[in-house]
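Before any comments, here is the structure.
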Amino acid sequence: MSIQTIETPQELSENISALIAIEPKFAAIYEQVGLPDLRHNAGGFEQLMRAMVGQQLSVAAAASIWKRLVDAALTTPYKIGEATDEALKAQGLSKQKTRYIRSLVDHNIDFAALENMPNEEVINTLTAVTGIGRWTAEMYLLFSLKRADVLAVDDLAIKVAAMELLGLAERPTPKQLNNLTQHWSPYRSAASLLLWSYYGLLRNKTAVPL
């Protein structure tokens, strides 16, 4: 099976052109927001751990705790395995977050192997970890694995922007949105990026999913 990715701005532009051919309503959005930032990251253990640390926290609070963990050299599976719960708590981690991060360590994910897995297999692998839901797994697919066909239907900004784009009377459920956008495949990552940018335009702010 061929796994499609978006590696460069040029490839994103090509995907957007193909998406507009399928769903012309995106043309006006693209004209307004321009080419979105790909926001790629290196992925791996540290990326997922940082996502867990930041759950349900403000950007500033998450950044502060993460800096303390980095300064204490507590961002690798080995170091976390050696550390006591008290040592992690001292850096600002709650009991729940400590449990999540220990689950990530215990699952010992082969991150290199994820590169060659189909999207749903990646999602199943990641969501087996306590504290990782489908949304976080989809963010990993989009920004770490650079997959080309991921629509984050659980994301609030995506749902709001899609409601405006499609002229819906109310915000769609994830299932409804998935059904309404199947024909956008295999260019749904381009749709996600455009919808985040469009949400930012609607709310006059920057929508950042990670």
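Residue numbering restarts at 1 for every chain of the structure tokens, chains are lettered A, B, ... in their displayed order, and ligands are numbered from 1 as they appear.
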Do you have, as a tab-separated table, the list of residues of segment 116-195 of chain A lying at most 12 Å from segment 29-52 of chain A, each with its nearest atom pair and that distance in Å to one decimal, counting only C-alpha atoms and ordered by chain then number?
```
residue	atom	partner	partner_atom	distance
A:Leu126	CA	A:Leu48	CA	9.2
A:Thr127	CA	A:Leu48	CA	11.3
A:Val129	CA	A:Leu48	CA	10.4
A:Thr130	CA	A:Met52	CA	10.0
A:Gly131	CA	A:Met52	CA	7.0
A:Ile132	CA	A:Met52	CA	7.4
A:Gly133	CA	A:Met52	CA	10.2
A:Trp135	CA	A:Ala51	CA	10.9
A:Thr136	CA	A:Ala51	CA	7.6
A:Ala137	CA	A:Leu48	CA	9.0
A:Glu138	CA	A:Leu48	CA	11.6
A:Met139	CA	A:Ala51	CA	9.6
A:Tyr140	CA	A:Gly43	CA	7.1
A:Leu141	CA	A:Gly43	CA	9.4
A:Leu142	CA	A:His40	CA	7.9
A:Phe143	CA	A:His40	CA	4.5
A:Ser144	CA	A:Gly43	CA	4.7
A:Leu145	CA	A:Gly43	CA	7.4
A:Lys146	CA	A:His40	CA	7.0
A:Arg147	CA	A:His40	CA	10.5
A:Ala148	CA	A:Leu38	CA	11.0
A:Ala161	CA	A:Ile29	CA	10.3
A:Ala162	CA	A:Ile29	CA	11.2
A:Glu164	CA	A:Ile29	CA	10.8
A:Leu165	CA	A:Ile29	CA	8.6
A:Leu166	CA	A:Ile29	CA	12.0
A:Ser189	CA	A:Leu38	CA	9.8
A:Ala190	CA	A:Pro36	CA	8.7
A:Ala191	CA	A:Tyr30	CA	10.1
A:Ser192	CA	A:Pro36	CA	9.9
A:Leu193	CA	A:Pro36	CA	6.2
A:Leu194	CA	A:Pro36	CA	6.6
A:Leu195	CA	A:Ile29	CA	8.2
```
*segment 4-210 of chain A: residues DSSP assigns to helix (DSSP H, G or I), reported as a ChimeraX atom specification*: /A:9-22,26-33,45-54,59-71,77-82,85-89,95-107,111-114,119-127,134-144,156-166,174-180,182-184,188-203
Could you write those residues out with C-alpha atoms, as a compact mmCIF listing (two decimals), in the first residue's frame?
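See again_37.txt below for the written result:
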```txt
# COMPACT_ATOMS: atom_id res chain seq x y z
CA PRO A 9 4.82 23.68 0.63
CA GLN A 10 4.80 22.87 -3.08
CA GLU A 11 3.17 19.50 -2.40
CA LEU A 12 0.64 21.19 -0.11
CA SER A 13 -0.18 23.67 -2.89
CA GLU A 14 -0.74 20.78 -5.31
CA ASN A 15 -2.99 19.01 -2.78
CA ILE A 16 -5.00 22.19 -2.27
CA SER A 17 -5.49 22.59 -6.02
CA ALA A 18 -6.75 19.00 -6.22
CA LEU A 19 -9.02 19.57 -3.21
CA ILE A 20 -10.54 22.70 -4.79
CA ALA A 21 -11.29 20.70 -7.94
CA ILE A 22 -13.34 18.33 -5.74
CA PHE A 26 -12.35 25.92 -0.68
CA ALA A 27 -11.26 28.33 -3.44
CA ALA A 28 -12.55 31.42 -1.61
CA ILE A 29 -10.94 30.29 1.66
CA TYR A 30 -7.60 29.69 -0.04
CA GLU A 31 -7.77 33.13 -1.60
CA GLN A 32 -8.30 34.68 1.84
CA VAL A 33 -5.85 32.70 3.98
CA PHE A 45 8.49 9.83 22.25
CA GLU A 46 9.27 13.39 23.26
CA GLN A 47 6.62 14.86 20.92
CA LEU A 48 3.88 12.67 22.39
CA MET A 49 5.05 13.24 25.94
CA ARG A 50 4.93 16.99 25.39
CA ALA A 51 1.40 16.69 23.99
CA MET A 52 0.37 14.79 27.12
CA VAL A 53 1.97 17.37 29.41
CA GLY A 54 0.03 20.13 27.65
CA VAL A 59 0.08 27.31 26.59
CA ALA A 60 2.10 29.20 29.21
CA ALA A 61 1.55 26.60 31.96
CA ALA A 62 2.41 23.72 29.62
CA ALA A 63 5.58 25.47 28.44
CA SER A 64 6.65 26.12 32.03
CA ILE A 65 6.22 22.49 33.10
CA TRP A 66 7.93 21.23 29.97
CA LYS A 67 10.94 23.49 30.59
CA ARG A 68 11.24 22.14 34.11
CA LEU A 69 11.15 18.57 32.81
CA VAL A 70 13.80 19.36 30.18
CA ASP A 71 16.01 21.07 32.76
CA PRO A 77 11.81 6.72 28.57
CA TYR A 78 14.93 5.66 30.48
CA LYS A 79 15.04 8.70 32.74
CA ILE A 80 11.30 8.57 33.41
CA GLY A 81 11.57 4.86 34.21
CA GLU A 82 14.26 5.68 36.79
CA ASP A 85 6.45 9.74 41.02
CA GLU A 86 7.54 12.35 43.57
CA ALA A 87 10.37 13.49 41.29
CA LEU A 88 7.92 13.96 38.41
CA LYS A 89 5.42 15.73 40.65
CA LYS A 95 -0.80 12.25 39.35
CA GLN A 96 -2.92 11.69 36.23
CA LYS A 97 -0.27 13.05 33.85
CA THR A 98 2.37 10.91 35.55
CA ARG A 99 0.18 7.85 34.93
CA TYR A 100 -0.24 8.82 31.26
CA ILE A 101 3.49 9.29 30.71
CA ARG A 102 4.34 6.01 32.42
CA SER A 103 1.85 4.30 30.10
CA LEU A 104 3.66 5.84 27.13
CA VAL A 105 6.95 4.46 28.44
CA ASP A 106 5.43 1.01 29.11
CA HIS A 107 4.04 0.69 25.57
CA PHE A 111 8.21 5.11 16.27
CA ALA A 112 10.18 4.22 13.15
CA ALA A 113 7.65 1.46 12.37
CA LEU A 114 4.80 4.00 12.47
CA ASN A 119 -3.39 5.69 9.28
CA GLU A 120 -5.85 3.59 11.28
CA GLU A 121 -3.10 1.25 12.46
CA VAL A 122 -1.09 4.25 13.69
CA ILE A 123 -4.17 5.55 15.50
CA ASN A 124 -4.81 2.15 17.11
CA THR A 125 -1.18 1.90 18.22
CA LEU A 126 -1.11 5.35 19.77
CA THR A 127 -4.54 5.26 21.40
CA ARG A 134 -7.93 9.89 18.64
CA TRP A 135 -7.40 13.65 18.31
CA THR A 136 -3.81 13.44 19.59
CA ALA A 137 -3.15 10.47 17.29
CA GLU A 138 -4.50 12.43 14.31
CA MET A 139 -2.24 15.37 15.19
CA TYR A 140 0.68 12.94 15.16
CA LEU A 141 -0.36 11.68 11.73
CA LEU A 142 -0.66 15.21 10.36
CA PHE A 143 2.35 16.95 11.82
CA SER A 144 4.85 14.20 12.70
CA LEU A 156 -13.56 22.13 17.59
CA ALA A 157 -12.03 24.63 15.15
CA ILE A 158 -12.40 22.16 12.26
CA LYS A 159 -16.06 21.57 13.11
CA VAL A 160 -16.86 25.29 13.36
CA ALA A 161 -15.05 26.16 10.13
CA ALA A 162 -16.62 23.24 8.26
CA MET A 163 -20.07 24.32 9.45
CA GLU A 164 -19.46 27.74 7.85
CA LEU A 165 -17.90 26.30 4.70
CA LEU A 166 -20.70 23.81 4.10
CA PRO A 174 -17.50 13.99 14.20
CA LYS A 175 -19.48 11.19 12.52
CA GLN A 176 -21.55 13.64 10.47
CA LEU A 177 -18.46 15.57 9.42
CA ASN A 178 -16.66 12.40 8.43
CA ASN A 179 -19.61 11.33 6.29
CA LEU A 180 -19.96 14.76 4.67
CA GLN A 182 -15.44 11.45 2.44
CA HIS A 183 -15.26 12.79 -1.11
CA TRP A 184 -12.43 15.16 -0.06
CA ARG A 188 -8.15 15.83 3.68
CA SER A 189 -4.96 17.04 5.37
CA ALA A 190 -4.99 20.05 3.04
CA ALA A 191 -8.62 20.55 4.08
CA SER A 192 -7.67 20.40 7.78
CA LEU A 193 -4.96 23.04 7.34
CA LEU A 194 -7.25 25.33 5.36
CA LEU A 195 -10.09 24.93 7.86
CA TRP A 196 -7.82 25.80 10.80
CA SER A 197 -6.71 28.93 8.96
CA TYR A 198 -10.32 29.76 8.10
CA TYR A 199 -11.35 29.35 11.74
CA GLY A 200 -8.61 31.80 12.68
CA LEU A 201 -10.02 34.25 10.15
CA LEU A 202 -13.55 33.78 11.49
CA ARG A 203 -12.44 34.30 15.07
```
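Counting from atom CA of Ala152 of chain A, the distance to atom CA of Glu7 of chain A is 18.7 Å.
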